[in-house]
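A quick write-up on the structure given underneath.
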Amino acid sequence: MRISRLRLFHYRNIGELDITLGPGVTLFSGRNGQGKTNILESIYFLAYGRSFRTSTPKDCIRHGETECRIEGVVERGRLERTLGVTLRGAEKTLSLYGKPSPLEDFVGNLHLLAFTHAHLGVVRGGPADRRAFLDRAMVSLYPGHVRALASYGRALRQRNRVLAELGAGARPADAGLLESWDEALVGEGVRILANRLRYVRRMKSELPEGLFGSESLRMHYLSTIGAEDPDPAALGDLFRKGLGRARERDLRTGTTSVGPHRDDLKLYVNGKSLGEFGSAGQQRSGLLALYFSQMEIHAKEQGFYPVFLVDDAEAELDQERLHTFLHYLARRTQTILTSAKDFLVPSLELDPVRFEVLGGRVRTPGPGSAPVTR
């Protein structure tokens, strides 16, 4: 799979861009603040319908404009899919083959993973970062996972509203009403939990050993209901019991304290918590090992590797880790990266297609270079 064409209109500091991307390694180079990351962010939008940098869509609209558009062509073998994202004020419209598309149908058409500074939150940040890390990789493998997440979120908001009203005495005591939302939560939560438990089990089996010397990464999915087995019937029973035990506390706080929205993925390097005790280098190595695991699972399930984005590579990885990482990617999948340093690619002996980015304008480097933006 690869993205073969990218078109941008009034996206951040880019006026217009129409660029063809090859199947190998593509490098966007230039000084910081010129727009390199904007290009990767727009590709990420085509995969997930959202940015990895902001939760406010209007941030992506070029100053002085009222809307921006992202268009891309994705190839898998002989098949082509056209994807689009239009941002207008606070509104976001997704399209597939030129027609409006709901998020659950849009996500999964461009299979993609990304290594950026924001994604280091997987090892440095909180449980929400790690849950999102799992769910992003799973949407291409488990049909309906996006829909289950959305339905679970709606049920969770409704249950929390009922809890808050009951706890404050604003609503007459009604155990039946709360139990109905318990069942709605359990129904979708079991699907999410089963998917995550199966996926983490697969990730454990694919974690590379000795990739970065003696560092040994281990992982454990920590469920707030004590779930270990992905069997749906067992999970449903555990979830109902967990909600029952936590009901009094939930009524006091007005929030639901157990369920997949509170779970975590615990990461350990050489037996110690990666986030708390791992060095910066070990944290980066740990994240790379997780990505390698996800890449191999994806290839075995889908028959191809996902596209990989690497932003500001040399700022996040030392030369040894970067060398191992990029050579791994270059042999397997389309890789699109940014760098502020010209020595990056020659030192790694790669042969990328290169573009220079300056003030939102993109051009091929060298004498007689041709701009590809307006």
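Scheme for the structure tokens: letters A, B, ... for chains in order shown; per-chain residue numbers from 1; ligand numbers from 1 in order shown.
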
Legend entry - Per-residue DSSP, stretch 65-264 of chain A, filtered to alpha helix (DSSP H), as an NGL selection string: :A and (103-106 or 121-124 or 127-138 or 145-167 or 175-206 or 232-253)

Inset, instruction - Find the spatial neighbours of stretch 112-126 of chain A, counting only C-alpha atoms, within a cut-off of 6 Å - ignore same-chain residues fewer than 2 positions away - and output them as a ChimeraX atom specification. - result: /A:128-130,275,306-311

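Counting only C-alpha atoms, A:Arg88 has the following residues at most 12 Å away, ignoring those fewer than 2 positions along the same chain: His10, Tyr11, Thr56, Pro57, Lys58, Asp59, Cys60, Ile61, Arg62, Glu65, Thr66, Glu67, Cys68, Arg69, Ile70, Val85, Thr86, Ala90, Glu91, Lys92, Thr93 and Leu94 of chain A.
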
Legend entry - Coordinates-based distance that separates atom CA of A:Thr256 from atom CA of A:Ala150 (Å, one decimal): 16.4 Å
